[in-house]
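J.: A single structure is presented below for examination.
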There are 2 protein chains.
Amino acid sequence: MTHIFSGNPLDRADALRRDPAWIAAATADPTGLYLLFANLQVAVRGQRQLQLGWLSRQEVSSLLAICPPPVLLGLTAQRPHFALDVTTHTAALDLAAAGDTDASLRFEDCRIAAMALPAADTGIVAQARSQIDWHRRHQFCSVCGEPTRPAKGGYVRSCANCAAEHFPRTDPVAIMLIVDGEHCLLGQSAGRLARTRTFSALAGFIDQGESIEEAVRREVKEEAGIAVGAVRYHSSQPWPFPSSLMIGCHGQALSREIQMDPEEMTAVEWFHRDQVKAAFYRNTTAADTDLRLPGPIAIAHHLIRAWLEDELPAAG
Amino acid sequence: MTHIFSGNPLDRADALRRDPAWIAAATADPTGLYLLFANLQVAVRGQRQLQLGWLSRQEVSSLLAICPPPVLLGLTAQRPHFALDVTTHTAALDLAAAGDTDASLRFEDCRIAAMALPAADTGIVAQARSQIDWHRRHQFCSVCGEPTRPAKGGYVRSCANCAAEHFPRTDPVAIMLIVDGEHCLLGQSAGRLARTRTFSALAGFIDQGESIEEAVRREVKEEAGIAVGAVRYHSSQPWPFPSSLMIGCHGQALSREIQMDPEEMTAVEWFHRDQVKAAFYRNTTAADTDLRLPGPIAIAHHLIRAWLEDELPAAG
């Protein structure tokens with residue numbers, strides 16, 4: 001399935017971007033389109049019908065002279081699309097002039113924008129936000145400490161001092177709905193607001209030197225004290241906060257007694273299918289529950305739905 | 001399935017390692033065991049029966065004073081296990097004294113060692129090699145360029161200047177056997193020696209802002225010009241060169257005509273199942289083929305076998 005933040009329609013032009021002359025031509029291309037980011041918020045237009053706030057090469061020409069090099073996202077046909085980080089130069093940005101009168105340009109949190117944008121555009125936002133953030137945080141070489149410079153349209157940063165090449169990082173995260181018969185295991189991370197009874201699937205970064213399945217078992221053991229047997233992959237979702245790859249799985253519980261890690265989690269509980277169903281289809285059932293579940297932007301929503309609707313893939 | 005480089009039996013002790021006092025005690029623990037690495041090669045003992053070359057706390061005490069801080073891999077019961085990078089101090093290392101007379105300590109390439117070590121030990125090698133390499137390449141803060149220091153037993157590096165925290169990176173790689181009826185698509189990367197006819201599954205790093213399935217389709221399109229439809233996850237494998245997570249998939253081809261990227265690949269071809277079978281079971285068939293396929297250390301081997309033996313999971 002195609003989650004929000006995937007479905008990016010741009011051709012990343014991996015072969016073309018190896019040629020610095022081609023990159024230079026693309027950057028000078030008068031048909032090029034530019035998506036601005038300020039403090040990792042994305043430029044958008046419109047109220048009821050949100051759109052990405054693409055600007056023309058001409059509209060950003062003064063910004064190009066003062067901002068960090070634009071990141072080449074990719075092409076539609078021959079037309080280059082760039083992301084441009086204007087964080088340090090928002091004062092130079094005349095939003096009223098750049099936008100049109102009906103729907104002027106504004107900056108929006110990427111998560112909020114993703115819930116209102118056309119699906120394909122959310123994939124562009126995911127790529128652009130992750131790449132902008134990575135460049136912001138990798139101005140220096142982790143090997144020797146000297147400044148780095150972008151190349152390949154932003155697909156690499158190179159160190160002139162020690163010749164190290166640094167590539168954008170993508171952090172794989174295991175997110176898993178653990179199931180035991182008619183119950184599933186849901187939790188609240190310590191980082192989140194615990195005022196409401198919003199529960200989600202457990203999740204954690206995959207460590208170095210472990211498989212997806214091992215990460216699922218380790219994280220559930222650490223966070224909830226539950227042993228997990230069979231693990232089944234469901235789907236994956238890019239999650240650009242800042243650059244995660246959510247790898248969604250279902251797992252079979254081998255034990256029942258929860259031993260929660262109180263530093264990572266504020267609550268971990270087993271929930272019966274009926275209660276989860278009532279919370280999931282809140283608008284269409286009369287069932288009374290204070291349980292809140294994540295919305296369709298989150299892969300956890302789809303892991304829960306697959307379990308409720310018995311859409312789990314057959315055992316492999 | 002459990003691949004080579006997974007199945008690490010150590011408890012990574014995520015909760016315990018948050019406490020600096022506990023880390024200090026673990027580092028002083030006289031029962032602690034230390035696995036040495038020199039130039040990313042792992043210390044081993046034995047010839048026919050290879051073993052990891054663990055050393056005692058006492059045997060490494062002089063090294064601990066001069067080498068980078070040891071990386072806490074994890075525990076068996078209460079016993080801490082560390083990896084220690086002795087690259088810059090191999091001269092100080094008296095291998096004859098450290099080893100025993102029967103099977104003295106030596107350093108071995110991790111890939112070669114993994115083919116001879118007990119399965120669970122290859123998981124330890126994967127974790128240790130990735131972590132040692134990451135520390136070597138992240139002595140400086142990518143945000144501000146100042147030196148960083150390890151904490152949490154090596155699970156994070158912190159910058160005293162800008163307070164940035166840096167976490168070990170794991171790079172997800174899509175590796176995929178593309179199938180069209182009785183044929184599968186195999187290739188030779190440009191990086192490899194092309195003298196022999198060794199072919200493998202296509203593979204590539206997952207970019208920022210794309211799902212696993214999107215990465216499979218993009219990479220196959222880029223490297224071979226083939227369109228891919230349904231993608232099915234098979235299994236995953238940590239690959240510590242330096243810190244990849246191989247995500248193995250099967251994909252359904254939607255086109256036949258190969259258009260190879262000559263910079264990335266030296267050859268991409270369709271192979272009939274009979275020829276692949278003959279090459280795969282070389283020792284047990286009389287069939288004549290010059291095709292060579294990857295061995296069981298590689299996840300590609302298992303993707304090919306699953307296809308040959310029709311062990312693909314049912315469609316999800």
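Identifiers in this document derive from the order of the structure tokens: chains are assigned A, B, ..., residues are numbered from 1 separately in each chain, and ligands are numbered from 1 in order of occurrence.
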What residues in chain A lie within 6 Å of chain B, counting only C-alpha atoms, written as a PDB file with N, CA, C and O atoms, in the first residue's frame?

T.:
ATOM      1  N   SER A   6       4.700   8.801   0.924  1.00  0.00           N
ATOM      2  CA  SER A   6       5.306   8.074  -0.192  1.00  0.00           C
ATOM      3  C   SER A   6       4.530   8.435  -1.459  1.00  0.00           C
ATOM      4  O   SER A   6       3.645   9.279  -1.439  1.00  0.00           O
ATOM      5  N   ALA A 126       8.167  14.722   1.864  1.00  0.00           N
ATOM      6  CA  ALA A 126       9.007  13.810   2.647  1.00  0.00           C
ATOM      7  C   ALA A 126      10.453  13.873   2.164  1.00  0.00           C
ATOM      8  O   ALA A 126      11.384  14.017   2.962  1.00  0.00           O
ATOM      9  N   GLN A 127      10.646  13.755   0.851  1.00  0.00           N
ATOM     10  CA  GLN A 127      12.003  13.807   0.309  1.00  0.00           C
ATOM     11  C   GLN A 127      12.654  15.153   0.636  1.00  0.00           C
ATOM     12  O   GLN A 127      13.790  15.210   1.128  1.00  0.00           O
ATOM     13  N   ARG A 137      22.265  19.781   9.065  1.00  0.00           N
ATOM     14  CA  ARG A 137      22.974  19.142  10.180  1.00  0.00           C
ATOM     15  C   ARG A 137      24.305  18.500   9.758  1.00  0.00           C
ATOM     16  O   ARG A 137      24.929  17.808  10.552  1.00  0.00           O
ATOM     17  N   HIS A 138      24.710  18.677   8.519  1.00  0.00           N
ATOM     18  CA  HIS A 138      25.954  18.048   8.043  1.00  0.00           C
ATOM     19  C   HIS A 138      26.828  19.039   7.296  1.00  0.00           C
ATOM     20  O   HIS A 138      27.381  18.720   6.244  1.00  0.00           O
ATOM     21  N   GLN A 139      26.958  20.224   7.859  1.00  0.00           N
ATOM     22  CA  GLN A 139      27.821  21.235   7.256  1.00  0.00           C
ATOM     23  C   GLN A 139      29.293  20.899   7.473  1.00  0.00           C
ATOM     24  O   GLN A 139      30.159  21.430   6.787  1.00  0.00           O
ATOM     25  N   PHE A 140      29.572  20.014   8.436  1.00  0.00           N
ATOM     26  CA  PHE A 140      30.967  19.684   8.758  1.00  0.00           C
ATOM     27  C   PHE A 140      31.204  18.183   8.613  1.00  0.00           C
ATOM     28  O   PHE A 140      30.284  17.382   8.725  1.00  0.00           O
ATOM     29  N   CYS A 141      32.459  17.850   8.373  1.00  0.00           N
ATOM     30  CA  CYS A 141      32.849  16.457   8.150  1.00  0.00           C
ATOM     31  C   CYS A 141      32.978  15.737   9.491  1.00  0.00           C
ATOM     32  O   CYS A 141      33.739  16.189  10.358  1.00  0.00           O
ATOM     33  N   SER A 142      32.263  14.633   9.660  1.00  0.00           N
ATOM     34  CA  SER A 142      32.321  13.906  10.928  1.00  0.00           C
ATOM     35  C   SER A 142      33.652  13.182  11.107  1.00  0.00           C
ATOM     36  O   SER A 142      33.993  12.771  12.209  1.00  0.00           O
ATOM     37  N   VAL A 143      34.411  13.023  10.019  1.00  0.00           N
ATOM     38  CA  VAL A 143      35.708  12.343  10.103  1.00  0.00           C
ATOM     39  C   VAL A 143      36.790  13.293  10.600  1.00  0.00           C
ATOM     40  O   VAL A 143      37.586  12.947  11.468  1.00  0.00           O
ATOM     41  N   GLY A 145      36.214  17.136  10.856  1.00  0.00           N
ATOM     42  CA  GLY A 145      35.751  18.395  11.443  1.00  0.00           C
ATOM     43  C   GLY A 145      35.784  19.596  10.514  1.00  0.00           C
ATOM     44  O   GLY A 145      35.356  20.680  10.904  1.00  0.00           O
ATOM     45  N   THR A 170      19.139   7.606   6.255  1.00  0.00           N
ATOM     46  CA  THR A 170      17.762   7.153   6.391  1.00  0.00           C
ATOM     47  C   THR A 170      17.772   6.174   7.553  1.00  0.00           C
ATOM     48  O   THR A 170      18.511   5.200   7.520  1.00  0.00           O
ATOM     49  N   GLN A 208      22.415  -1.103  14.897  1.00  0.00           N
ATOM     50  CA  GLN A 208      23.434  -1.667  14.016  1.00  0.00           C
ATOM     51  C   GLN A 208      23.567  -3.165  14.312  1.00  0.00           C
ATOM     52  O   GLN A 208      23.583  -3.586  15.467  1.00  0.00           O
ATOM     53  N   GLY A 209      23.660  -3.962  13.261  1.00  0.00           N
ATOM     54  CA  GLY A 209      23.886  -5.392  13.448  1.00  0.00           C
ATOM     55  C   GLY A 209      22.668  -6.162  13.896  1.00  0.00           C
ATOM     56  O   GLY A 209      22.791  -7.149  14.621  1.00  0.00           O
ATOM     57  N   GLU A 210      21.481  -5.750  13.475  1.00  0.00           N
ATOM     58  CA  GLU A 210      20.312  -6.589  13.747  1.00  0.00           C
ATOM     59  C   GLU A 210      19.350  -6.518  12.567  1.00  0.00           C
ATOM     60  O   GLU A 210      19.310  -5.528  11.823  1.00  0.00           O
ATOM     61  N   SER A 211      18.602  -7.599  12.394  1.00  0.00           N
ATOM     62  CA  SER A 211      17.604  -7.652  11.328  1.00  0.00           C
ATOM     63  C   SER A 211      16.338  -6.932  11.790  1.00  0.00           C
ATOM     64  O   SER A 211      16.189  -6.588  12.967  1.00  0.00           O
ATOM     65  N   SER A 236       5.779  -0.290   4.426  1.00  0.00           N
ATOM     66  CA  SER A 236       6.777   0.663   4.917  1.00  0.00           C
ATOM     67  C   SER A 236       6.380   2.079   4.515  1.00  0.00           C
ATOM     68  O   SER A 236       5.645   2.279   3.545  1.00  0.00           O
ATOM     69  N   GLN A 237       6.882   3.042   5.279  1.00  0.00           N
ATOM     70  CA  GLN A 237       6.505   4.439   5.080  1.00  0.00           C
ATOM     71  C   GLN A 237       7.678   5.355   5.404  1.00  0.00           C
ATOM     72  O   GLN A 237       8.236   5.269   6.504  1.00  0.00           O
ATOM     73  N   PRO A 238       8.047   6.241   4.479  1.00  0.00           N
ATOM     74  CA  PRO A 238       9.025   7.264   4.850  1.00  0.00           C
ATOM     75  C   PRO A 238       8.389   8.234   5.838  1.00  0.00           C
ATOM     76  O   PRO A 238       7.214   8.590   5.690  1.00  0.00           O
ATOM     77  N   PRO A 313      -1.224 -10.663   5.715  1.00  0.00           N
ATOM     78  CA  PRO A 313      -0.807 -11.607   4.673  1.00  0.00           C
ATOM     79  C   PRO A 313      -0.689 -13.014   5.256  1.00  0.00           C
ATOM     80  O   PRO A 313      -0.481 -13.185   6.450  1.00  0.00           O
ATOM     81  N   ALA A 314      -0.851 -13.997   4.395  1.00  0.00           N
ATOM     82  CA  ALA A 314      -0.702 -15.386   4.828  1.00  0.00           C
ATOM     83  C   ALA A 314       0.724 -15.621   5.315  1.00  0.00           C
ATOM     84  O   ALA A 314       1.658 -14.946   4.898  1.00  0.00           O
ATOM     85  N   GLY A 316       4.405 -16.751   5.752  1.00  0.00           N
ATOM     86  CA  GLY A 316       5.393 -17.001   4.698  1.00  0.00           C
ATOM     87  C   GLY A 316       6.249 -18.202   5.002  1.00  0.00           C
ATOM     88  O   GLY A 316       6.330 -18.644   6.114  1.00  0.00           O
TER      89      GLY A 316
END

J.: As a PyMOL selection string, please: every residue in segment 25-192 of chain A that a backbone DSSP assignment puts in strand (DSSP E or B).

T.: chain A and resi 33-38+41-45+51-52+55-56+71-76+79-85+106-108+140+147-151+156-159+165-166+171-180+183-189

J.: One number please: atom CA of Leu202 of chain B to atom CA of Ala230 of chain B, in Å, one decimal.

T.: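 Between atom CA of Leu202 of chain B and atom CA of Ala230 of chain B the gap works out to 16.0 Å.
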
J.: Quick one: distance from atom CA of Arg149 of chain A to atom CA of Cys162 of chain A in Å, one decimal?

T.: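 These atoms are spaced 12.3 Å apart.
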
J.: As a PyMOL selection string, which residues of segment 75-257 of chain B does DSSP assign to alpha helix (DSSP H)?

T.: chain B and resi 95-98+110-114+119-136+212-224

J.: Go ahead and save the residues from that selection, with N, CA and C atoms, as a compact mmCIF listing (two decimals), in the first residue's frame.

T.:
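Okay, part09.txt is ready:
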# COMPACT_ATOMS: atom_id res chain seq x y z
N LEU B 95 50.51 -10.20 20.67
CA LEU B 95 49.56 -11.25 20.27
C LEU B 95 49.96 -12.60 20.85
N ALA B 96 51.25 -12.89 20.87
CA ALA B 96 51.69 -14.19 21.37
C ALA B 96 51.32 -14.35 22.84
N ALA B 97 51.50 -13.26 23.60
CA ALA B 97 51.18 -13.34 25.03
C ALA B 97 49.67 -13.40 25.25
N ALA B 98 48.93 -12.66 24.42
CA ALA B 98 47.48 -12.60 24.60
C ALA B 98 46.83 -13.93 24.24
N CYS B 110 36.23 -9.58 8.40
CA CYS B 110 34.97 -10.00 9.02
C CYS B 110 34.12 -10.87 8.10
N ARG B 111 34.21 -10.63 6.79
CA ARG B 111 33.43 -11.43 5.86
C ARG B 111 33.94 -12.87 5.85
N ILE B 112 35.25 -13.01 5.82
CA ILE B 112 35.86 -14.34 5.81
C ILE B 112 35.59 -15.05 7.13
N ALA B 113 35.75 -14.30 8.24
CA ALA B 113 35.50 -14.90 9.56
C ALA B 113 34.05 -15.38 9.67
N ALA B 114 33.12 -14.59 9.13
CA ALA B 114 31.70 -14.92 9.29
C ALA B 114 31.34 -16.24 8.62
N ALA B 119 27.17 -19.50 14.08
CA ALA B 119 26.20 -18.54 13.57
C ALA B 119 25.98 -17.36 14.52
N ALA B 120 25.78 -17.64 15.80
CA ALA B 120 25.45 -16.55 16.75
C ALA B 120 26.59 -15.54 16.83
N ASP B 121 27.84 -16.03 16.71
CA ASP B 121 28.99 -15.12 16.78
C ASP B 121 29.01 -14.14 15.61
N THR B 122 28.46 -14.52 14.46
CA THR B 122 28.47 -13.60 13.32
C THR B 122 27.60 -12.38 13.62
N GLY B 123 26.56 -12.55 14.46
CA GLY B 123 25.74 -11.42 14.86
C GLY B 123 26.52 -10.44 15.73
N ILE B 124 27.38 -10.99 16.58
CA ILE B 124 28.24 -10.14 17.41
C ILE B 124 29.23 -9.38 16.53
N VAL B 125 29.81 -10.07 15.55
CA VAL B 125 30.75 -9.43 14.62
C VAL B 125 30.06 -8.28 13.89
N ALA B 126 28.82 -8.51 13.45
CA ALA B 126 28.09 -7.47 12.71
C ALA B 126 27.90 -6.23 13.57
N GLN B 127 27.40 -6.43 14.79
CA GLN B 127 27.20 -5.29 15.68
C GLN B 127 28.52 -4.58 15.96
N ALA B 128 29.54 -5.34 16.30
CA ALA B 128 30.82 -4.75 16.73
C ALA B 128 31.50 -4.01 15.58
N ARG B 129 31.53 -4.63 14.39
CA ARG B 129 32.23 -3.98 13.28
C ARG B 129 31.54 -2.68 12.89
N SER B 130 30.19 -2.69 12.84
CA SER B 130 29.47 -1.47 12.48
C SER B 130 29.71 -0.38 13.52
N GLN B 131 29.72 -0.76 14.80
CA GLN B 131 29.87 0.26 15.83
C GLN B 131 31.28 0.82 15.86
N ILE B 132 32.28 -0.05 15.72
CA ILE B 132 33.68 0.41 15.68
C ILE B 132 33.87 1.37 14.50
N ASP B 133 33.35 0.99 13.35
CA ASP B 133 33.51 1.84 12.16
C ASP B 133 32.82 3.18 12.35
N TRP B 134 31.62 3.16 12.92
CA TRP B 134 30.88 4.40 13.12
C TRP B 134 31.64 5.35 14.04
N HIS B 135 32.19 4.84 15.12
CA HIS B 135 32.96 5.71 16.02
C HIS B 135 34.19 6.28 15.32
N ARG B 136 34.86 5.45 14.53
CA ARG B 136 36.04 5.93 13.81
C ARG B 136 35.70 7.11 12.90
N ILE B 212 10.22 1.13 1.01
CA ILE B 212 11.02 0.00 0.51
C ILE B 212 10.58 -0.35 -0.90
N GLU B 213 9.27 -0.41 -1.11
CA GLU B 213 8.74 -0.83 -2.39
C GLU B 213 9.10 0.18 -3.48
N GLU B 214 9.06 1.46 -3.15
CA GLU B 214 9.45 2.48 -4.12
C GLU B 214 10.93 2.38 -4.46
N ALA B 215 11.75 2.08 -3.46
CA ALA B 215 13.19 1.95 -3.71
C ALA B 215 13.47 0.77 -4.64
N VAL B 216 12.75 -0.34 -4.43
CA VAL B 216 12.91 -1.50 -5.32
C VAL B 216 12.63 -1.09 -6.76
N ARG B 217 11.51 -0.42 -6.97
CA ARG B 217 11.12 -0.06 -8.34
C ARG B 217 12.08 0.96 -8.94
N ARG B 218 12.50 1.94 -8.14
CA ARG B 218 13.42 2.95 -8.67
C ARG B 218 14.76 2.34 -9.04
N GLU B 219 15.31 1.52 -8.16
CA GLU B 219 16.64 0.96 -8.42
C GLU B 219 16.63 0.06 -9.65
N VAL B 220 15.59 -0.75 -9.79
CA VAL B 220 15.54 -1.66 -10.94
C VAL B 220 15.35 -0.87 -12.23
N LYS B 221 14.57 0.20 -12.14
CA LYS B 221 14.40 1.07 -13.31
C LYS B 221 15.74 1.74 -13.66
N GLU B 222 16.45 2.23 -12.66
CA GLU B 222 17.71 2.92 -12.91
C GLU B 222 18.79 1.97 -13.44
N GLU B 223 18.92 0.82 -12.81
CA GLU B 223 20.04 -0.07 -13.14
C GLU B 223 19.76 -0.92 -14.36
N ALA B 224 18.48 -1.28 -14.58
CA ALA B 224 18.18 -2.24 -15.64
C ALA B 224 17.10 -1.77 -16.61

J.: I need the residue nearest Ser104 of chain B from this list: B:Leu50, B:Val156, B:Gly74, B:Cys184. Use only C-alpha atoms for the distance.

T.: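 Looking at the shortest contact to Ser104 of chain B, the residue is B:Leu50.
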
J.: Please provide the set of residues having any atom within 10 Å of Leu308 of chain B, restricted to only C-alpha atoms, with same-chain residues fewer than 5 positions apart removed, written as a list in words.

T.: Glu182, Cys184, Arg273, Asp274, Val276, Lys277, Phe280, His302 and Leu303 of chain B

J.: Between B:Ile258, B:Val60, B:Leu73, B:Val179, which has the minimum distance to Ile226 of chain B (counting only C-alpha atoms)?

T.: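 Counting only C-alpha atoms, the residue closest to Ile226 of chain B is B:Ile258.
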
J.: Arg197 of chain A: which residues within 9 Å, counting only C-alpha atoms, same-chain residues fewer than 6 positions away excluded, as a tab-separated table (two decimals) with C-alpha atoms, in the first residue's frame?

T.:
chain	number	residue	atom	x	y	z
A	188	GLN	CA	2.10	5.54	24.87
A	290	ASP	CA	-11.87	6.69	25.82
A	291	LEU	CA	-9.17	4.98	23.75
A	292	ARG	CA	-7.76	7.14	20.95
A	293	LEU	CA	-5.82	5.63	18.02

J.: May I ask for the distance between atom CA of Leu10 of chain B and atom CA of His81 of chain B, given in Å to one decimal place?

T.: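 The value is 8.1 Å.
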
J.: Can you tell me which residues surround segment 28-30 of chain A at a distance of at most 9 Å, considering only C-alpha atoms, apart from same-chain residues fewer than 6 positions away, and format the answer as a PyMOL selection string?

T.: chain A and resi 56-58+79-80

J.: Write to file, as a tab-separated table (two decimals), in the first residue's frame, the residues of the selection just made, with N, CA and C atoms.

T.:
chain	number	residue	atom	x	y	z
A	56	SER	N	8.78	29.99	-9.28
A	56	SER	CA	9.58	29.88	-10.51
A	56	SER	C	11.03	30.27	-10.25
A	57	ARG	N	11.87	29.89	-11.20
A	57	ARG	CA	13.30	30.25	-11.14
A	57	ARG	C	13.46	31.76	-10.99
A	58	GLN	N	12.61	32.50	-11.71
A	58	GLN	CA	12.72	33.96	-11.65
A	58	GLN	C	12.32	34.49	-10.27
A	79	ARG	N	11.64	18.96	-16.57
A	79	ARG	CA	11.60	20.12	-15.69
A	79	ARG	C	12.17	19.80	-14.31
A	80	PRO	N	13.26	20.54	-13.93
A	80	PRO	CA	13.86	20.27	-12.61
A	80	PRO	C	13.06	20.89	-11.47

J.: For Thr198 of chain A, which residue among A:Leu105, A:Met260, A:Leu186, A:Ala116 is the nearest when counting only C-alpha atoms?

T.: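 Ranked by minimum distance to Thr198 of chain A, first place goes to A:Leu186.
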
J.: I'd like the neighbourhood of Gln275 of chain B as an MDAnalysis selection string, where a residue qualifies if any of its atoms comes within 8 Å (using only C-alpha atoms), though same-chain residues fewer than 4 positions away should be ignored.

T.: chainID B and resid 271 279 289 291

J.: Could you write those residues out with N, CA and C atoms, as a PDB file, in the first residue's frame?

T.:
ATOM      1  N   PHE B 271      17.833 -14.627 -16.741  1.00  0.00           N
ATOM      2  CA  PHE B 271      18.304 -16.016 -16.702  1.00  0.00           C
ATOM      3  C   PHE B 271      17.112 -16.943 -16.526  1.00  0.00           C
ATOM      4  N   ALA B 279      23.224 -23.625 -11.760  1.00  0.00           N
ATOM      5  CA  ALA B 279      24.320 -22.897 -11.111  1.00  0.00           C
ATOM      6  C   ALA B 279      24.186 -22.940  -9.592  1.00  0.00           C
ATOM      7  N   THR B 289      27.032 -24.736 -16.915  1.00  0.00           N
ATOM      8  CA  THR B 289      26.799 -23.300 -17.018  1.00  0.00           C
ATOM      9  C   THR B 289      27.999 -22.588 -16.408  1.00  0.00           C
ATOM     10  N   LEU B 291      27.607 -19.627 -15.178  1.00  0.00           N
ATOM     11  CA  LEU B 291      27.016 -18.688 -14.228  1.00  0.00           C
ATOM     12  C   LEU B 291      27.439 -19.018 -12.800  1.00  0.00           C
TER      13      LEU B 291
END

J.: Counting only C-alpha atoms, what is within 8 Å of Ile297 of chain A, bar same-chain residues fewer than 2 positions away, as an MDAnalysis selection string?

T.: chainID A and resid 3:4 114:115 294:295 299 301

J.: Mind dumping the selected residues with N, CA and C atoms as a tab-separated table (two decimals), in the first residue's frame?

T.:
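This is the output file result03.tsv:
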chain	number	residue	atom	x	y	z
A	3	HIS	N	1.49	4.75	1.52
A	3	HIS	CA	1.19	5.59	2.68
A	3	HIS	C	1.37	7.06	2.33
A	4	ILE	N	0.82	7.91	3.19
A	4	ILE	CA	1.17	9.33	3.14
A	4	ILE	C	2.68	9.45	3.30
A	114	ALA	N	0.80	17.60	5.25
A	114	ALA	CA	0.65	16.29	4.61
A	114	ALA	C	-0.78	15.76	4.73
A	115	MET	N	-1.49	16.19	5.76
A	115	MET	CA	-2.85	15.70	5.92
A	115	MET	C	-3.82	16.38	4.97
A	294	PRO	N	-4.10	6.32	16.44
A	294	PRO	CA	-3.52	7.24	15.45
A	294	PRO	C	-4.34	7.28	14.16
A	295	GLY	N	-4.29	8.43	13.49
A	295	GLY	CA	-5.03	8.61	12.25
A	295	GLY	C	-4.30	8.04	11.05
A	299	ILE	N	1.46	4.90	9.89
A	299	ILE	CA	1.45	3.50	9.48
A	299	ILE	C	0.79	2.64	10.57
A	301	HIS	N	-1.88	3.18	12.15
A	301	HIS	CA	-3.30	3.11	11.81
A	301	HIS	C	-3.57	1.92	10.89
